[in-house]
Amino acid sequence: MPLQKNLMMKIESIIIEALKNCLSLLGYPEKIIQLSPPNNPEFGDLSTNIALSLSKDLNKNPIKIGNAIVDKLSLNNELIEQVTVSKPGFINFNISNNYYHEILNEILKNDKYGKGESGVGKTANVEFVSANPTGPLTIGHGRNAVLGDCISNILEWSGYNVTREYYFNDAGRQMRILGQSVEARYFEILGKEFKFPNDGYQGDYIIEIAQYIIENHGKELSQDDSKFKSEAEKYIFDNIKKTLNKIGIRFDQFSNEKTFYENGDIDQLLDNLKNKNLIYEKDGATWFKTTALGKEQDRVYIKSNGEPTYRLPDTAYHRDKLNRKYDLIVDVFGADHMDTYPDVLLALKALGLKTDHIRVLLYQFVTLLRAGKKVKMSTRKADFVTLDELIKEVGNDVVRYFFIMRGVNSHLNFDLDLAADQSDKNPVYYLQYAHARICNIIKHGDSMGIKKKSKYDPTLLKHSSEITLLKRLEKFPEIIYNAHLSLEPHNLANFLNEIANCFHKFYAECRIISEDEKLTNSRVALTSATKIIIGNGLSILGLNAPEKM
């Protein structure tokens with residue numbers, strides 16, 4: 001954990017040790033003592049329920065127990081300002097402003113304040129997007145993409161060496177139908193006889209690909225020519241990469257399902273499972289005997305028509321990732337993977353492989369709303385909004401922020417009307433406006449000779465809005481650390497908006513640049529520290545930090 005977090009941990013350790021000594025002096029039973037922020041911040045910075053816990057043992061009113069503890073409590077530490085008891089029996093601790101003033105110094109000394117060390121020397125693999133090249137990226141793919149990218153950024157900020165990976169399949173039924181769909185549109189454009197496949201892809205992009213093939217390969221292609229499929233795949237994949245690039249998303253590695261058939265990994269996987277009596281043939285299909293591993297029913301690996309299900313190549317792919325010896329493996333999947341991924345992990349465990357470091361994130365799907373009404377989407381029927389269209393309508397930053405403003409387990413309603421709103425109702429503009437306002441204040445201070453590094457007296461920061469802002473800034477390392485553990489970027493997004501809210505209140509209640517030179521220097525220092533935190537947070541979320549709006 002970072003230096004400033006260690007100081008808070010030291011304070012907590014001092015309080016806990018003092019409480020233990022107090023319980024001994026009072027002859028109270030030993031208890032595990034825990035500290036956490038109270039639900040109401042007016043009660044203090046830290047709180048413990050030890051008095052409530054003791055009330056059953058002592059058969060006494062917890063308020064009286066709390067008061068008895070406080071009377072005997074000895075805290076010879078200048079960083080603890082006040083200790084109180086509140087109903088129904090919490091003991092609360094107010095940390096001195098001196099601690100938060102020291103935090104201000106720490107932030108201004110370190111432009112990377114909050115950068116963690118938990119992942120230093122470790123590697124991580126984050127697989128995300130992984131859309132097959134059958135059509136443009138939709139808003140569902142967009143949520144996956146932004147989640148994966150933000151998680152990668154959080155891990156990198158925590159010290160990990162991260163590999164961003166895209167896994168795809170360019171074979172099988174979907175790709176076959178794609179090629180047939182393009183072929184049909186090719187002959188249709190040329191005025192020749194054609195048959196559109198059942199469940200074919202009907203989007204305008206299919207016509208665009210057919211036209212592209214005519215322009216680059218002529219009008220004489222025969223039926224079942226491999227170019228229909230291969231050119232469609234290349235055309236779509238190029239567009240996928242261009243779309244992702246628009247919102248700042250890059251990949252270090254692309255892995256193709258076909259590789260694991262060609263290099264023998266899938267045959268080896270089947271042989272290994274057969275040796276453990278976990279593979280059998282029935283009704284012309286190949287089955288994975290998951291009932292032998294505690295499941296209620298077995299799973300099909302290869303259908304009777306010879307086509308594999310997702311479980312087989314995905315298991316081989318994950319074994320390959322395990323063989324690459326990452327310290328952490330993260331899979332970002334849609335909720336439709338809920339039934340398949342446990343079987344992948346089950347097979348890996350059956351082969352004696354360690355899977356504890358594989359984290360699977362299942363995000364809920366996105367509903368696009370316009371004027372309060374749902375916009376229907378179907379890739380096959382071409383009734384969908386592409387990620388490109390969404391970016392064009394509301395902009396890169398709005399798209400990124402809206403996709404991570406809710407937890408992965410929450411269904412996301414993407415409100416186009418709110419997204420297009422450029423007022424402070426839009427959380428993205430509210431946050432970025434705070435950064436722009438800060439930059440303007442610092443620029444104004446610069447013109448008056450006040451620099452970020454100017455000598456300042458942090459003890460002059462006493463106003464409630466100043467201290468509230470400092471208390472929020474202090475939490476940044478903790479927010480990042482917890483985001484690295486939970487892999488939930490929305491907590492950082494919400495935190496940044498809390499910082500923006502605290503800053504706007506500070507700006508409204510405290511005149512930052514005034515005739516009082518010393519106070520001005522201190523308030524500009526606090527403003528500069530806020531800029532560092534917001535700037536770092538925006539960078540982690542992949543958002544721009546505008547200097548003017």
# chains A, B, ... in the order shown; residues from 1 in each chain; ligands from 1
call {"tool": "select_by_dssp", "arguments": {"residues": "range 200-317 of chain A", "states": "alpha helix (DSSP H)", "output": "PyMOL selection string"}}
result
chain A and resi 204-217+227-246+257-262+265-275+311-317
call {"tool": "write_last_selection", "arguments": {"atoms": "C-alpha atoms", "output": "JSON list (two decimals), in the first residue's frame"}}
result
[["chain", "number", "residue", "atom", "x", "y", "z"],
["A", 204, "ASP", "CA", -26.11, -2.59, -44.89],
["A", 205, "TYR", "CA", -22.53, -3.51, -44.05],
["A", 206, "ILE", "CA", -23.04, -6.79, -45.96],
["A", 207, "ILE", "CA", -23.87, -4.77, -49.08],
["A", 208, "GLU", "CA", -20.83, -2.56, -48.46],
["A", 209, "ILE", "CA", -18.57, -5.62, -48.29],
["A", 210, "ALA", "CA", -20.09, -7.07, -51.47],
["A", 211, "GLN", "CA", -19.49, -3.74, -53.25],
["A", 212, "TYR", "CA", -15.91, -3.68, -51.92],
["A", 213, "ILE", "CA", -15.32, -7.17, -53.35],
["A", 214, "ILE", "CA", -16.68, -6.10, -56.73],
["A", 215, "GLU", "CA", -14.36, -3.06, -56.76],
["A", 216, "ASN", "CA", -11.27, -5.03, -55.69],
["A", 217, "HIS", "CA", -11.82, -8.50, -57.15],
["A", 227, "LYS", "CA", -12.96, -14.64, -51.07],
["A", 228, "PHE", "CA", -16.52, -13.95, -49.93],
["A", 229, "LYS", "CA", -15.72, -15.19, -46.46],
["A", 230, "SER", "CA", -12.07, -14.12, -46.23],
["A", 231, "GLU", "CA", -12.66, -10.59, -47.54],
["A", 232, "ALA", "CA", -15.71, -10.16, -45.31],
["A", 233, "GLU", "CA", -13.68, -11.19, -42.27],
["A", 234, "LYS", "CA", -10.81, -8.82, -43.13],
["A", 235, "TYR", "CA", -13.16, -5.92, -43.90],
["A", 236, "ILE", "CA", -15.10, -6.34, -40.65],
["A", 237, "PHE", "CA", -12.01, -6.86, -38.52],
["A", 238, "ASP", "CA", -10.41, -3.70, -39.92],
["A", 239, "ASN", "CA", -13.55, -1.78, -39.01],
["A", 240, "ILE", "CA", -13.64, -3.31, -35.50],
["A", 241, "LYS", "CA", -10.07, -2.15, -34.89],
["A", 242, "LYS", "CA", -10.86, 1.35, -36.21],
["A", 243, "THR", "CA", -13.90, 1.60, -33.94],
["A", 244, "LEU", "CA", -11.93, 0.52, -30.87],
["A", 245, "ASN", "CA", -9.17, 2.96, -31.76],
["A", 246, "LYS", "CA", -11.70, 5.81, -31.70],
["A", 257, "GLU", "CA", -9.50, -20.24, -32.07],
["A", 258, "LYS", "CA", -8.32, -21.96, -35.26],
["A", 259, "THR", "CA", -4.75, -21.98, -33.90],
["A", 260, "PHE", "CA", -5.65, -24.52, -31.24],
["A", 261, "TYR", "CA", -6.95, -26.96, -33.86],
["A", 262, "GLU", "CA", -3.90, -26.49, -36.08],
["A", 265, "ASP", "CA", -3.86, -28.37, -28.52],
["A", 266, "ILE", "CA", -7.49, -29.46, -28.85],
["A", 267, "ASP", "CA", -6.60, -33.06, -29.72],
["A", 268, "GLN", "CA", -4.24, -33.12, -26.76],
["A", 269, "LEU", "CA", -6.95, -31.73, -24.49],
["A", 270, "LEU", "CA", -9.37, -34.45, -25.58],
["A", 271, "ASP", "CA", -6.72, -37.15, -25.09],
["A", 272, "ASN", "CA", -5.89, -35.85, -21.59],
["A", 273, "LEU", "CA", -9.55, -35.87, -20.59],
["A", 274, "LYS", "CA", -10.04, -39.33, -22.13],
["A", 275, "ASN", "CA", -7.18, -40.62, -19.99],
["A", 311, "ARG", "CA", -16.55, -25.23, -24.35],
["A", 312, "LEU", "CA", -13.93, -27.28, -26.21],
["A", 313, "PRO", "CA", -11.78, -24.60, -27.90],
["A", 314, "ASP", "CA", -12.30, -22.19, -25.00],
["A", 315, "THR", "CA", -10.85, -24.77, -22.60],
["A", 316, "ALA", "CA", -7.82, -25.29, -24.85],
["A", 317, "TYR", "CA", -7.40, -21.51, -25.10]]
call {"tool": "select_by_dssp", "arguments": {"residues": "range 277-462 of chain A", "states": "strand (DSSP E)", "output": "PyMOL selection string"}}
result
chain A and resi 279-282+285-288+299-302+328-334+358-363+366-370+373-374+412-415
call {"tool": "write_last_selection", "arguments": {"atoms": "C-alpha atoms", "output": "tab-separated table (two decimals), in the first residue's frame"}}
result
chain	number	residue	atom	x	y	z
A	279	ILE	CA	-14.73	-38.06	-22.52
A	280	TYR	CA	-17.18	-40.44	-24.18
A	281	GLU	CA	-19.14	-40.86	-27.43
A	282	LYS	CA	-22.93	-40.98	-27.54
A	285	ALA	CA	-21.53	-36.65	-30.40
A	286	THR	CA	-18.52	-36.27	-28.10
A	287	TRP	CA	-19.38	-35.54	-24.47
A	288	PHE	CA	-17.52	-34.11	-21.47
A	299	ARG	CA	-21.90	-31.36	-21.67
A	300	VAL	CA	-21.53	-31.77	-25.42
A	301	TYR	CA	-18.02	-30.97	-26.68
A	302	ILE	CA	-18.53	-31.92	-30.34
A	328	LEU	CA	-3.71	-12.92	-12.82
A	329	ILE	CA	-6.06	-13.83	-15.68
A	330	VAL	CA	-9.22	-11.76	-16.21
A	331	ASP	CA	-12.03	-12.68	-18.60
A	332	VAL	CA	-14.66	-10.04	-19.39
A	333	PHE	CA	-17.77	-11.85	-20.65
A	334	GLY	CA	-21.39	-11.06	-21.26
A	358	ILE	CA	-8.67	-16.69	-13.07
A	359	ARG	CA	-11.26	-13.94	-12.52
A	360	VAL	CA	-14.39	-14.11	-14.68
A	361	LEU	CA	-16.44	-10.90	-14.88
A	362	LEU	CA	-19.95	-11.32	-16.25
A	363	TYR	CA	-21.45	-7.97	-17.16
A	366	VAL	CA	-27.13	-2.73	-22.19
A	367	THR	CA	-30.47	-1.20	-23.07
A	368	LEU	CA	-30.36	1.87	-25.26
A	369	LEU	CA	-33.04	4.45	-24.46
A	370	ARG	CA	-34.19	7.34	-26.57
A	373	LYS	CA	-38.18	4.23	-24.99
A	374	LYS	CA	-36.09	1.15	-25.66
A	412	LEU	CA	-27.17	-0.67	-17.88
A	413	ASN	CA	-29.70	1.74	-19.32
A	414	PHE	CA	-27.80	3.98	-21.73
A	415	ASP	CA	-29.92	7.14	-21.86
call {"tool": "residues_around", "arguments": {"residues": "range 189-198 of chain A", "least_positions_apart": "4", "cutoff": "7 Å", "atoms": "only C-alpha atoms", "output": "list in words"}}
result
Ile177, Gln180, Ser181, Ala184 and Arg185 of chain A
call {"tool": "closest_residue", "arguments": {"among": "A:Met175, A:Val385, A:Ile16, A:Leu23", "to": "Pro136 in chain A", "atoms": "only C-alpha atoms"}}
result
A:Val385
call {"tool": "closest_residue", "arguments": {"among": "A:Asn39, A:Gln432, A:Asn494, A:Asn97", "to": "Leu79 in chain A", "atoms": "only C-alpha atoms"}}
result
A:Asn97
call {"tool": "closest_residue", "arguments": {"among": "A:Lys289, A:Lys455, A:Lys349, A:Lys531", "to": "Asp111 in chain A", "atoms": "only C-alpha atoms"}}
result
A:Lys531
call {"tool": "residues_around", "arguments": {"residues": "Lys20 in chain A", "least_positions_apart": "6", "cutoff": "12 Å", "atoms": "only C-alpha atoms", "output": "count of residues only"}}
result
17
call {"tool": "atom_distance", "arguments": {"atom1": "CA of Ile107 in chain A", "atom2": "CA of Glu42 in chain A"}}
result
24.9 Å
call {"tool": "residues_around", "arguments": {"residues": "range 474-482 of chain A", "least_positions_apart": "6", "cutoff": "8 Å", "atoms": "only C-alpha atoms", "output": "list of chain:residue names"}}
result
A:Met1, A:Pro2, A:Lys5, A:Tyr100, A:Ile103, A:Tyr113, A:Gly114, A:Lys115, A:Gly116, A:Ile154, A:Ser158, A:Asn491, A:Leu492, A:Phe495, A:Ile533
call {"tool": "decode", "arguments": {"residues": "range 114-140 of chain A", "atoms": "C-alpha atoms", "output": "CSV table (one decimal), in the first residue's frame"}}
result
chain,number,residue,atom,x,y,z
A,114,GLY,CA,-2.3,6.9,-5.3
A,115,LYS,CA,-0.3,4.7,-7.7
A,116,GLY,CA,-0.2,1.3,-6.1
A,117,GLU,CA,2.5,-1.3,-5.7
A,118,SER,CA,0.4,-4.4,-5.1
A,119,GLY,CA,1.0,-5.6,-8.7
A,120,VAL,CA,4.7,-4.7,-9.0
A,121,GLY,CA,6.6,-7.6,-10.5
A,122,LYS,CA,3.4,-9.4,-11.5
A,123,THR,CA,1.8,-10.1,-14.8
A,124,ALA,CA,-1.9,-10.0,-15.8
A,125,ASN,CA,-3.8,-11.0,-18.9
A,126,VAL,CA,-7.1,-9.3,-19.6
A,127,GLU,CA,-9.3,-10.8,-22.3
A,128,PHE,CA,-12.1,-8.6,-23.6
A,129,VAL,CA,-14.2,-7.7,-26.6
A,130,SER,CA,-13.4,-11.0,-28.3
A,131,ALA,CA,-16.2,-10.4,-30.8
A,132,ASN,CA,-16.1,-12.7,-33.9
A,133,PRO,CA,-15.8,-10.7,-37.2
A,134,THR,CA,-19.4,-11.2,-38.3
A,135,GLY,CA,-20.5,-7.6,-38.0
A,136,PRO,CA,-19.8,-4.1,-36.6
A,137,LEU,CA,-19.4,-3.7,-32.9
A,138,THR,CA,-22.7,-3.0,-31.1
A,139,ILE,CA,-23.3,-1.2,-27.8
A,140,GLY,CA,-23.1,-4.5,-26.0
